[in-house]
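For reference, the structure is listed below as structure tokens.
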Amino acid sequence: MGDLRTTPGQKPLETTAGRKKKKRKIFFWFVFTILLIGAAGHFIPYPRYAYATGYTTTREYAEIRSAANGQVAQIFYSSGDMVASNAVLVRLESRAEEAALAEARARIAQAEAEITHLESQAADELKRHQNDIKLAEMDLGHSRKNLELTRQLHDKSLTSGRQLAADEFAVSRNGEALRALKEQDMTVKEKQIAAMRSNVESLGEVARRAEAALAQREVRATLDGMLMKYTFYEGEIIRPDMVLFEVFKGPVNTMKIRIPERYSARVTTGMEAKAQLATHRSVITRRFIGEVAFIRPVVEGDGTDNYRVAYCSLDLEDENVPPGVTVDTRIFIEYAPIWKHILEP
């Protein structure tokens, strides 16, 4: 065998056994590192949050919508205005409804005038009819007396049979005339008046519906408070599903947030919520503490995103914050392994 010669200061050549040992050592540390990372990711807890956005509000508030479709004719209030309950905030185009109401009222006035005229006619006719009956009764009584006298004279042969027959005919004629007057139906006008009154009641219902339709052309505040106006303009067509205003009453101690759909099943009432207010942004993040108080049971959408609306209490620590301030909210869900964060974002 030959001699192995080396240059002074150089390491000897690595043997096959040495290379295998080095590979085993690298593989061992690689596997150990992977297991260590896996164990750390499994056993080290890390907080999981649901992120939502919204705005500050009051415990007592109302969303104001229109009761009908229509074009905005006038807007009377803007954001920040104080309004009283039942104040008219918006008026919609209402010329058709005003014309319908005016027509209904005109028809009612005309029908009532006709009823008054018919009632006057009916009273006059009834009075004449009663007078005619009295005259007929008087004629019948007079003709009976004449007939009695004629019969006495006829018995004494002081008058002719023709006169007796004539007086008997007069009694019969006057009796028939009286009977005809008494049998005459004087309720025709009353029936006409009753029918016209029924028509007036129907017209009154039409007028009430027209008034209700006209009332729907006005959007009114439902409680006292500060107003926040959404974006819409005069001349725009609005629908009942559009929120036009929100009215806030009382101190700001609540926030209304939209929880994205992917978090909606994980967030429940009672969870802690920390909010960062747009009015309090600084280098050092300051978050105000709150709690999820109520979650609407349905998933809603605005055409681009789906979400659930939630209401959270909010402790502002005596800070003066107006309603409508934007909040970025972080809701604590649970402590979970890091791998769960990666695999279930």
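Just remember, in the structure tokens the first chain shown is A, the second B, etc., residues are 1-based per chain, and ligands are 1-based in the order shown.
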
From a backbone DSSP assignment, name each residue in segment 120-261 of chain A labelled strand (DSSP E or B), as a PDB file with N, CA and C atoms, in the first residue's frame.
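The result, written out as out23.pdb:
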```pdb
ATOM      1  N   GLU A 218     -93.747  61.253   2.832  1.00  0.00           N
ATOM      2  CA  GLU A 218     -92.930  61.994   3.787  1.00  0.00           C
ATOM      3  C   GLU A 218     -92.187  61.001   4.684  1.00  0.00           C
ATOM      4  N   VAL A 219     -90.891  61.208   4.842  1.00  0.00           N
ATOM      5  CA  VAL A 219     -90.061  60.388   5.717  1.00  0.00           C
ATOM      6  C   VAL A 219     -89.859  61.172   7.012  1.00  0.00           C
ATOM      7  N   ARG A 220     -90.300  60.591   8.133  1.00  0.00           N
ATOM      8  CA  ARG A 220     -90.285  61.299   9.410  1.00  0.00           C
ATOM      9  C   ARG A 220     -89.353  60.616  10.409  1.00  0.00           C
ATOM     10  N   GLY A 225     -83.308  63.178  18.768  1.00  0.00           N
ATOM     11  CA  GLY A 225     -81.893  62.874  18.860  1.00  0.00           C
ATOM     12  C   GLY A 225     -81.083  63.526  17.760  1.00  0.00           C
ATOM     13  N   MET A 226     -79.826  63.080  17.677  1.00  0.00           N
ATOM     14  CA  MET A 226     -78.897  63.592  16.664  1.00  0.00           C
ATOM     15  C   MET A 226     -79.003  62.748  15.402  1.00  0.00           C
ATOM     16  N   LEU A 227     -78.921  63.405  14.275  1.00  0.00           N
ATOM     17  CA  LEU A 227     -79.155  62.764  12.991  1.00  0.00           C
ATOM     18  C   LEU A 227     -77.835  62.455  12.294  1.00  0.00           C
ATOM     19  N   MET A 228     -77.779  61.288  11.651  1.00  0.00           N
ATOM     20  CA  MET A 228     -76.687  60.964  10.740  1.00  0.00           C
ATOM     21  C   MET A 228     -77.302  60.616   9.390  1.00  0.00           C
ATOM     22  N   LYS A 229     -76.949  61.364   8.378  1.00  0.00           N
ATOM     23  CA  LYS A 229     -77.533  61.187   7.047  1.00  0.00           C
ATOM     24  C   LYS A 229     -76.635  60.298   6.202  1.00  0.00           C
ATOM     25  N   ILE A 237     -83.882  58.266  -6.923  1.00  0.00           N
ATOM     26  CA  ILE A 237     -84.960  57.315  -6.651  1.00  0.00           C
ATOM     27  C   ILE A 237     -84.536  56.452  -5.458  1.00  0.00           C
ATOM     28  N   ILE A 238     -85.365  56.432  -4.424  1.00  0.00           N
ATOM     29  CA  ILE A 238     -85.050  55.636  -3.240  1.00  0.00           C
ATOM     30  C   ILE A 238     -86.075  54.523  -3.077  1.00  0.00           C
ATOM     31  N   VAL A 243     -81.470  52.563   3.852  1.00  0.00           N
ATOM     32  CA  VAL A 243     -81.414  53.365   5.074  1.00  0.00           C
ATOM     33  C   VAL A 243     -81.024  54.789   4.687  1.00  0.00           C
ATOM     34  N   LEU A 244     -81.858  55.756   5.061  1.00  0.00           N
ATOM     35  CA  LEU A 244     -81.621  57.151   4.702  1.00  0.00           C
ATOM     36  C   LEU A 244     -80.938  57.915   5.839  1.00  0.00           C
ATOM     37  N   PHE A 245     -81.381  57.665   7.071  1.00  0.00           N
ATOM     38  CA  PHE A 245     -80.835  58.352   8.235  1.00  0.00           C
ATOM     39  C   PHE A 245     -80.727  57.364   9.387  1.00  0.00           C
ATOM     40  N   GLU A 246     -79.925  57.749  10.366  1.00  0.00           N
ATOM     41  CA  GLU A 246     -79.976  57.125  11.676  1.00  0.00           C
ATOM     42  C   GLU A 246     -80.110  58.237  12.696  1.00  0.00           C
ATOM     43  N   VAL A 247     -80.937  58.001  13.717  1.00  0.00           N
ATOM     44  CA  VAL A 247     -81.147  58.975  14.781  1.00  0.00           C
ATOM     45  C   VAL A 247     -80.589  58.376  16.065  1.00  0.00           C
ATOM     46  N   PHE A 248     -79.734  59.128  16.752  1.00  0.00           N
ATOM     47  CA  PHE A 248     -79.092  58.672  17.973  1.00  0.00           C
ATOM     48  C   PHE A 248     -79.615  59.482  19.151  1.00  0.00           C
ATOM     49  N   LYS A 249     -80.007  58.774  20.203  1.00  0.00           N
ATOM     50  CA  LYS A 249     -80.535  59.435  21.398  1.00  0.00           C
ATOM     51  C   LYS A 249     -79.775  58.932  22.614  1.00  0.00           C
ATOM     52  N   GLY A 250     -79.214  59.873  23.386  1.00  0.00           N
ATOM     53  CA  GLY A 250     -78.516  59.502  24.605  1.00  0.00           C
ATOM     54  C   GLY A 250     -77.012  59.445  24.402  1.00  0.00           C
ATOM     55  N   PRO A 251     -76.282  58.971  25.417  1.00  0.00           N
ATOM     56  CA  PRO A 251     -74.813  58.924  25.341  1.00  0.00           C
ATOM     57  C   PRO A 251     -74.326  57.822  24.412  1.00  0.00           C
ATOM     58  N   VAL A 252     -73.138  58.033  23.853  1.00  0.00           N
ATOM     59  CA  VAL A 252     -72.529  57.033  22.983  1.00  0.00           C
ATOM     60  C   VAL A 252     -71.914  55.951  23.865  1.00  0.00           C
ATOM     61  N   ASN A 253     -72.463  54.752  23.816  1.00  0.00           N
ATOM     62  CA  ASN A 253     -71.953  53.643  24.617  1.00  0.00           C
ATOM     63  C   ASN A 253     -72.089  52.302  23.888  1.00  0.00           C
ATOM     64  N   THR A 254     -72.274  52.369  22.586  1.00  0.00           N
ATOM     65  CA  THR A 254     -72.502  51.164  21.783  1.00  0.00           C
ATOM     66  C   THR A 254     -71.804  51.326  20.452  1.00  0.00           C
ATOM     67  N   MET A 255     -71.452  50.219  19.858  1.00  0.00           N
ATOM     68  CA  MET A 255     -70.942  50.263  18.481  1.00  0.00           C
ATOM     69  C   MET A 255     -71.678  49.217  17.656  1.00  0.00           C
ATOM     70  N   LYS A 256     -71.958  49.594  16.444  1.00  0.00           N
ATOM     71  CA  LYS A 256     -72.624  48.710  15.481  1.00  0.00           C
ATOM     72  C   LYS A 256     -71.579  48.287  14.459  1.00  0.00           C
ATOM     73  N   ILE A 257     -71.335  46.998  14.346  1.00  0.00           N
ATOM     74  CA  ILE A 257     -70.249  46.514  13.498  1.00  0.00           C
ATOM     75  C   ILE A 257     -70.764  45.464  12.524  1.00  0.00           C
ATOM     76  N   ARG A 258     -70.005  45.280  11.453  1.00  0.00           N
ATOM     77  CA  ARG A 258     -70.281  44.242  10.470  1.00  0.00           C
ATOM     78  C   ARG A 258     -69.201  43.173  10.586  1.00  0.00           C
ATOM     79  N   ILE A 259     -69.626  41.962  10.968  1.00  0.00           N
ATOM     80  CA  ILE A 259     -68.689  40.849  11.105  1.00  0.00           C
ATOM     81  C   ILE A 259     -68.671  40.095   9.783  1.00  0.00           C
ATOM     82  N   PRO A 260     -67.507  39.970   9.119  1.00  0.00           N
ATOM     83  CA  PRO A 260     -67.458  39.241   7.847  1.00  0.00           C
ATOM     84  C   PRO A 260     -68.015  37.833   7.992  1.00  0.00           C
TER      85      PRO A 260
END
```

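Nearest residue to Ala265 of chain A, choosing from A:Gly204, A:Pro297, A:Gly290, A:Gly70 and counting only C-alpha atoms: A:Pro297.
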
Report as a PyMOL selection string all protein, DNA and RNA residues lying within 9 Å of Glu98 of chain A, evaluated on only C-alpha atoms, omitting residues in the same chain fewer than 3 positions from it. chain A and resi 94-95+101-103+210-211+214

How about saving the chosen residues, N, CA and C atoms kept, as a PDB file, in the first residue's frame?
```pdb
ATOM      1  N   SER A  94     -94.827  63.913  -4.939  1.00  0.00           N
ATOM      2  CA  SER A  94     -96.165  63.454  -4.518  1.00  0.00           C
ATOM      3  C   SER A  94     -97.292  64.084  -5.328  1.00  0.00           C
ATOM      4  N   ARG A  95     -97.029  64.548  -6.538  1.00  0.00           N
ATOM      5  CA  ARG A  95     -98.090  65.201  -7.306  1.00  0.00           C
ATOM      6  C   ARG A  95     -99.230  64.243  -7.627  1.00  0.00           C
ATOM      7  N   LEU A 101    -105.915  62.558  -3.929  1.00  0.00           N
ATOM      8  CA  LEU A 101    -106.607  62.981  -2.713  1.00  0.00           C
ATOM      9  C   LEU A 101    -107.568  64.128  -3.006  1.00  0.00           C
ATOM     10  N   ALA A 102    -107.145  65.092  -3.815  1.00  0.00           N
ATOM     11  CA  ALA A 102    -108.015  66.219  -4.165  1.00  0.00           C
ATOM     12  C   ALA A 102    -109.249  65.737  -4.917  1.00  0.00           C
ATOM     13  N   GLU A 103    -109.072  64.784  -5.825  1.00  0.00           N
ATOM     14  CA  GLU A 103    -110.217  64.250  -6.575  1.00  0.00           C
ATOM     15  C   GLU A 103    -111.187  63.533  -5.645  1.00  0.00           C
ATOM     16  N   ALA A 210    -105.908  57.530  -0.045  1.00  0.00           N
ATOM     17  CA  ALA A 210    -105.115  58.573  -0.711  1.00  0.00           C
ATOM     18  C   ALA A 210    -104.311  59.371   0.313  1.00  0.00           C
ATOM     19  N   GLU A 211    -104.911  59.643   1.479  1.00  0.00           N
ATOM     20  CA  GLU A 211    -104.179  60.345   2.537  1.00  0.00           C
ATOM     21  C   GLU A 211    -103.008  59.505   3.044  1.00  0.00           C
ATOM     22  N   LEU A 214    -100.312  59.613   0.523  1.00  0.00           N
ATOM     23  CA  LEU A 214     -99.632  60.908   0.568  1.00  0.00           C
ATOM     24  C   LEU A 214     -98.724  60.987   1.786  1.00  0.00           C
TER      25      LEU A 214
END
```

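Near Glu234 of chain A, within 12 Å and counting only C-alpha atoms, sit Gly70, Gln71, Val72, Ala73, Gln74, Ile75, Phe76, Val90, Arg91, Leu92, Glu93, Thr231, Ile237 and Ile238 of chain A, not including residues fewer than 3 positions from it in the same chain.
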
Take the residues from that selection and put them in a file with C-alpha atoms, as a PDB file, in the first residue's frame.
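result08.pdb written:
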```pdb
ATOM      1  CA  GLY A  70     -90.116  57.453  -5.037  1.00  0.00           C
ATOM      2  CA  GLN A  71     -88.020  60.356  -6.198  1.00  0.00           C
ATOM      3  CA  VAL A  72     -86.567  62.633  -3.530  1.00  0.00           C
ATOM      4  CA  ALA A  73     -88.090  66.103  -3.842  1.00  0.00           C
ATOM      5  CA  GLN A  74     -86.711  67.818  -0.709  1.00  0.00           C
ATOM      6  CA  ILE A  75     -84.184  67.028   2.019  1.00  0.00           C
ATOM      7  CA  PHE A  76     -84.676  69.082   5.176  1.00  0.00           C
ATOM      8  CA  VAL A  90     -87.437  64.021   3.452  1.00  0.00           C
ATOM      9  CA  ARG A  91     -90.350  64.650   1.123  1.00  0.00           C
ATOM     10  CA  LEU A  92     -90.807  62.527  -1.998  1.00  0.00           C
ATOM     11  CA  GLU A  93     -92.410  63.591  -5.260  1.00  0.00           C
ATOM     12  CA  THR A 231     -75.496  59.412   1.048  1.00  0.00           C
ATOM     13  CA  ILE A 237     -84.960  57.315  -6.651  1.00  0.00           C
ATOM     14  CA  ILE A 238     -85.050  55.636  -3.240  1.00  0.00           C
TER      15      ILE A 238
END
```

Would you kindly return, as a ChimeraX atom specification, each protein, DNA or RNA residue with an atom no farther than 12 Å from any atom of Tyr55 of chain A, considering only C-alpha atoms and excluding same-chain residues fewer than 3 positions away? /A:52,58,228,246,252-258,275-279,309-314,321-329

Output file for the selection above: N, CA and C atoms, as a short mmCIF file (atom, residue, chain, number, x, y, z; two decimals), in the first residue's frame:
```cif
data_model
loop_
_atom_site.label_atom_id
_atom_site.label_comp_id
_atom_site.auth_asym_id
_atom_site.auth_seq_id
_atom_site.Cartn_x
_atom_site.Cartn_y
_atom_site.Cartn_z
N ALA A 52 -63.65 43.22 12.52
CA ALA A 52 -64.88 43.81 12.00
C ALA A 52 -64.75 45.33 12.00
N THR A 58 -75.59 54.93 19.88
CA THR A 58 -76.17 55.02 21.21
C THR A 58 -77.05 53.80 21.46
N MET A 228 -77.78 61.29 11.65
CA MET A 228 -76.69 60.96 10.74
C MET A 228 -77.30 60.62 9.39
N GLU A 246 -79.93 57.75 10.37
CA GLU A 246 -79.98 57.13 11.68
C GLU A 246 -80.11 58.24 12.70
N VAL A 252 -73.14 58.03 23.85
CA VAL A 252 -72.53 57.03 22.98
C VAL A 252 -71.91 55.95 23.87
N ASN A 253 -72.46 54.75 23.82
CA ASN A 253 -71.95 53.64 24.62
C ASN A 253 -72.09 52.30 23.89
N THR A 254 -72.27 52.37 22.59
CA THR A 254 -72.50 51.16 21.78
C THR A 254 -71.80 51.33 20.45
N MET A 255 -71.45 50.22 19.86
CA MET A 255 -70.94 50.26 18.48
C MET A 255 -71.68 49.22 17.66
N LYS A 256 -71.96 49.59 16.44
CA LYS A 256 -72.62 48.71 15.48
C LYS A 256 -71.58 48.29 14.46
N ILE A 257 -71.33 47.00 14.35
CA ILE A 257 -70.25 46.51 13.50
C ILE A 257 -70.76 45.46 12.52
N ARG A 258 -70.00 45.28 11.45
CA ARG A 258 -70.28 44.24 10.47
C ARG A 258 -69.20 43.17 10.59
N ALA A 275 -61.96 48.00 20.43
CA ALA A 275 -62.21 48.88 19.29
C ALA A 275 -61.18 50.00 19.24
N GLN A 276 -60.70 50.25 18.03
CA GLN A 276 -59.85 51.41 17.78
C GLN A 276 -60.68 52.44 17.02
N LEU A 277 -60.77 53.64 17.58
CA LEU A 277 -61.61 54.69 17.02
C LEU A 277 -60.81 55.54 16.04
N ALA A 278 -61.48 55.94 14.97
CA ALA A 278 -60.81 56.77 13.97
C ALA A 278 -60.40 58.12 14.55
N THR A 279 -61.09 58.58 15.57
CA THR A 279 -60.77 59.87 16.20
C THR A 279 -59.63 59.76 17.20
N VAL A 309 -74.58 41.66 11.26
CA VAL A 309 -74.52 42.89 12.05
C VAL A 309 -74.56 42.53 13.53
N ALA A 310 -73.66 43.13 14.29
CA ALA A 310 -73.60 42.89 15.73
C ALA A 310 -73.57 44.23 16.46
N TYR A 311 -74.06 44.22 17.68
CA TYR A 311 -74.05 45.40 18.55
C TYR A 311 -73.22 45.07 19.79
N CYS A 312 -72.29 45.94 20.08
CA CYS A 312 -71.37 45.71 21.20
C CYS A 312 -71.43 46.89 22.16
N SER A 313 -71.34 46.58 23.44
CA SER A 313 -71.17 47.65 24.43
C SER A 313 -69.79 48.26 24.26
N LEU A 314 -69.61 49.48 24.75
CA LEU A 314 -68.35 50.18 24.55
C LEU A 314 -68.09 51.10 25.73
N VAL A 321 -67.00 61.25 22.53
CA VAL A 321 -67.00 60.69 21.18
C VAL A 321 -68.40 60.86 20.59
N PRO A 322 -68.51 61.47 19.44
CA PRO A 322 -69.84 61.62 18.82
C PRO A 322 -70.28 60.32 18.17
N PRO A 323 -71.57 60.16 17.92
CA PRO A 323 -72.02 58.97 17.18
C PRO A 323 -71.56 59.03 15.74
N GLY A 324 -71.40 57.85 15.15
CA GLY A 324 -71.00 57.76 13.75
C GLY A 324 -69.51 57.68 13.52
N VAL A 325 -68.69 57.64 14.59
CA VAL A 325 -67.24 57.54 14.43
C VAL A 325 -66.87 56.12 14.00
N THR A 326 -66.02 56.00 13.01
CA THR A 326 -65.61 54.70 12.50
C THR A 326 -64.79 53.95 13.54
N VAL A 327 -65.07 52.64 13.69
CA VAL A 327 -64.32 51.81 14.62
C VAL A 327 -63.81 50.58 13.88
N ASP A 328 -62.56 50.22 14.18
CA ASP A 328 -61.98 48.94 13.75
C ASP A 328 -61.95 48.05 14.97
N THR A 329 -62.69 46.96 14.91
CA THR A 329 -62.90 46.13 16.10
C THR A 329 -62.20 44.79 15.96
#
```

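Compared by their closest atoms to Glu176 of chain A, and using only C-alpha atoms, the residues A:Asp155, A:Asp315, A:Asp139, A:Glu190 rank with A:Asp139 nearest.
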
Run DSSP on the backbone and give me the residues of segment 21-89 of chain A it puts in alpha helix (DSSP H), as a PyMOL selection string. chain A and resi 21-43

For the selection you just gave me, I'd like the residues written to a file as a JSON list (two decimals), in the first residue's frame, keeping N, CA and C atoms.
```json
[["chain", "number", "residue", "atom", "x", "y", "z"],
["A", 21, "LYS", "N", -21.51, 9.63, 8.61],
["A", 21, "LYS", "CA", -21.83, 10.12, 9.96],
["A", 21, "LYS", "C", -22.31, 11.57, 9.91],
["A", 22, "LYS", "N", -21.69, 12.37, 9.05],
["A", 22, "LYS", "CA", -22.09, 13.77, 8.93],
["A", 22, "LYS", "C", -23.50, 13.89, 8.36],
["A", 23, "LYS", "N", -23.87, 13.07, 7.38],
["A", 23, "LYS", "CA", -25.20, 13.10, 6.80],
["A", 23, "LYS", "C", -26.24, 12.70, 7.83],
["A", 24, "ARG", "N", -25.89, 11.64, 8.64],
["A", 24, "ARG", "CA", -26.84, 11.22, 9.67],
["A", 24, "ARG", "C", -27.07, 12.34, 10.69],
["A", 25, "LYS", "N", -25.98, 13.05, 11.03],
["A", 25, "LYS", "CA", -26.12, 14.14, 11.99],
["A", 25, "LYS", "C", -26.99, 15.26, 11.42],
["A", 26, "ILE", "N", -26.81, 15.62, 10.13],
["A", 26, "ILE", "CA", -27.63, 16.67, 9.50],
["A", 26, "ILE", "C", -29.09, 16.25, 9.45],
["A", 27, "PHE", "N", -29.32, 14.97, 9.09],
["A", 27, "PHE", "CA", -30.70, 14.48, 9.01],
["A", 27, "PHE", "C", -31.36, 14.50, 10.39],
["A", 28, "PHE", "N", -30.58, 14.11, 11.42],
["A", 28, "PHE", "CA", -31.12, 14.10, 12.79],
["A", 28, "PHE", "C", -31.52, 15.50, 13.21],
["A", 29, "TRP", "N", -30.65, 16.47, 12.99],
["A", 29, "TRP", "CA", -30.99, 17.85, 13.40],
["A", 29, "TRP", "C", -32.13, 18.44, 12.56],
["A", 30, "PHE", "N", -32.22, 18.03, 11.31],
["A", 30, "PHE", "CA", -33.32, 18.50, 10.46],
["A", 30, "PHE", "C", -34.66, 17.97, 10.99],
["A", 31, "VAL", "N", -34.66, 16.64, 11.25],
["A", 31, "VAL", "CA", -35.89, 16.04, 11.77],
["A", 31, "VAL", "C", -36.22, 16.62, 13.15],
["A", 32, "PHE", "N", -35.21, 16.82, 13.99],
["A", 32, "PHE", "CA", -35.43, 17.37, 15.32],
["A", 32, "PHE", "C", -36.01, 18.79, 15.23],
["A", 33, "THR", "N", -35.46, 19.57, 14.28],
["A", 33, "THR", "CA", -35.97, 20.95, 14.12],
["A", 33, "THR", "C", -37.43, 20.95, 13.65],
["A", 34, "ILE", "N", -37.74, 20.05, 12.68],
["A", 34, "ILE", "CA", -39.12, 19.97, 12.19],
["A", 34, "ILE", "C", -40.07, 19.58, 13.31],
["A", 35, "LEU", "N", -39.67, 18.57, 14.10],
["A", 35, "LEU", "CA", -40.51, 18.14, 15.21],
["A", 35, "LEU", "C", -40.65, 19.23, 16.27],
["A", 36, "LEU", "N", -39.57, 19.95, 16.48],
["A", 36, "LEU", "CA", -39.63, 21.04, 17.47],
["A", 36, "LEU", "C", -40.58, 22.15, 17.01],
["A", 37, "ILE", "N", -40.47, 22.50, 15.72],
["A", 37, "ILE", "CA", -41.38, 23.52, 15.20],
["A", 37, "ILE", "C", -42.82, 23.03, 15.25],
["A", 38, "GLY", "N", -43.04, 21.75, 14.87],
["A", 38, "GLY", "CA", -44.39, 21.20, 14.92],
["A", 38, "GLY", "C", -44.94, 21.19, 16.32],
["A", 39, "ALA", "N", -44.10, 20.79, 17.29],
["A", 39, "ALA", "CA", -44.56, 20.75, 18.67],
["A", 39, "ALA", "C", -44.85, 22.16, 19.19],
["A", 40, "ALA", "N", -43.96, 23.10, 18.83],
["A", 40, "ALA", "CA", -44.18, 24.49, 19.27],
["A", 40, "ALA", "C", -45.47, 25.03, 18.67],
["A", 41, "GLY", "N", -45.71, 24.75, 17.37],
["A", 41, "GLY", "CA", -46.93, 25.23, 16.74],
["A", 41, "GLY", "C", -48.18, 24.59, 17.32],
["A", 42, "HIS", "N", -48.04, 23.41, 17.88],
["A", 42, "HIS", "CA", -49.21, 22.72, 18.43],
["A", 42, "HIS", "C", -49.47, 23.10, 19.89],
["A", 43, "PHE", "N", -48.41, 23.25, 20.66],
["A", 43, "PHE", "CA", -48.59, 23.44, 22.10],
["A", 43, "PHE", "C", -48.56, 24.89, 22.54]]
```

Test item: residues at most 10 Å from Thr150 of chain A, only C-alpha atoms, excluding those fewer than 2 positions along its chain, as a PyMOL selection string: chain A and resi 144-148+152-156+158-161+163-168

Keeping C-alpha atoms for every residue in the selection just given, could you write it to a file as a JSON list (two decimals), in the first residue's frame?
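Written file, out.json:
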```json
[["chain", "number", "residue", "atom", "x", "y", "z"],
["A", 144, "ARG", "CA", -169.99, 61.40, 3.34],
["A", 145, "LYS", "CA", -172.01, 64.14, 5.04],
["A", 146, "ASN", "CA", -173.47, 65.14, 1.66],
["A", 147, "LEU", "CA", -174.34, 61.51, 0.98],
["A", 148, "GLU", "CA", -176.08, 61.20, 4.37],
["A", 152, "GLN", "CA", -182.51, 61.59, 4.02],
["A", 153, "LEU", "CA", -183.93, 63.81, 1.29],
["A", 154, "HIS", "CA", -184.30, 60.83, -1.05],
["A", 155, "ASP", "CA", -186.24, 58.92, 1.59],
["A", 156, "LYS", "CA", -188.65, 61.89, 1.73],
["A", 158, "LEU", "CA", -187.19, 65.49, -1.98],
["A", 159, "THR", "CA", -184.32, 64.62, -4.31],
["A", 160, "SER", "CA", -183.74, 62.38, -7.26],
["A", 161, "GLY", "CA", -182.01, 59.02, -7.41],
["A", 163, "GLN", "CA", -178.27, 62.92, -7.07],
["A", 164, "LEU", "CA", -178.02, 60.05, -4.60],
["A", 165, "ALA", "CA", -175.92, 58.05, -7.07],
["A", 166, "ALA", "CA", -173.71, 61.05, -7.72],
["A", 167, "ASP", "CA", -173.04, 61.56, -4.00],
["A", 168, "GLU", "CA", -172.32, 57.85, -3.52]]
```

Extract, using only C-alpha atoms, all DNA, RNA and protein residues at most 8 Å from segment 111-117 of chain A, discarding same-chain residues fewer than 2 positions from it, and format them as a VMD selection string. chain A and resid 107 to 109 119 to 121 193 196 to 197 199 to 200
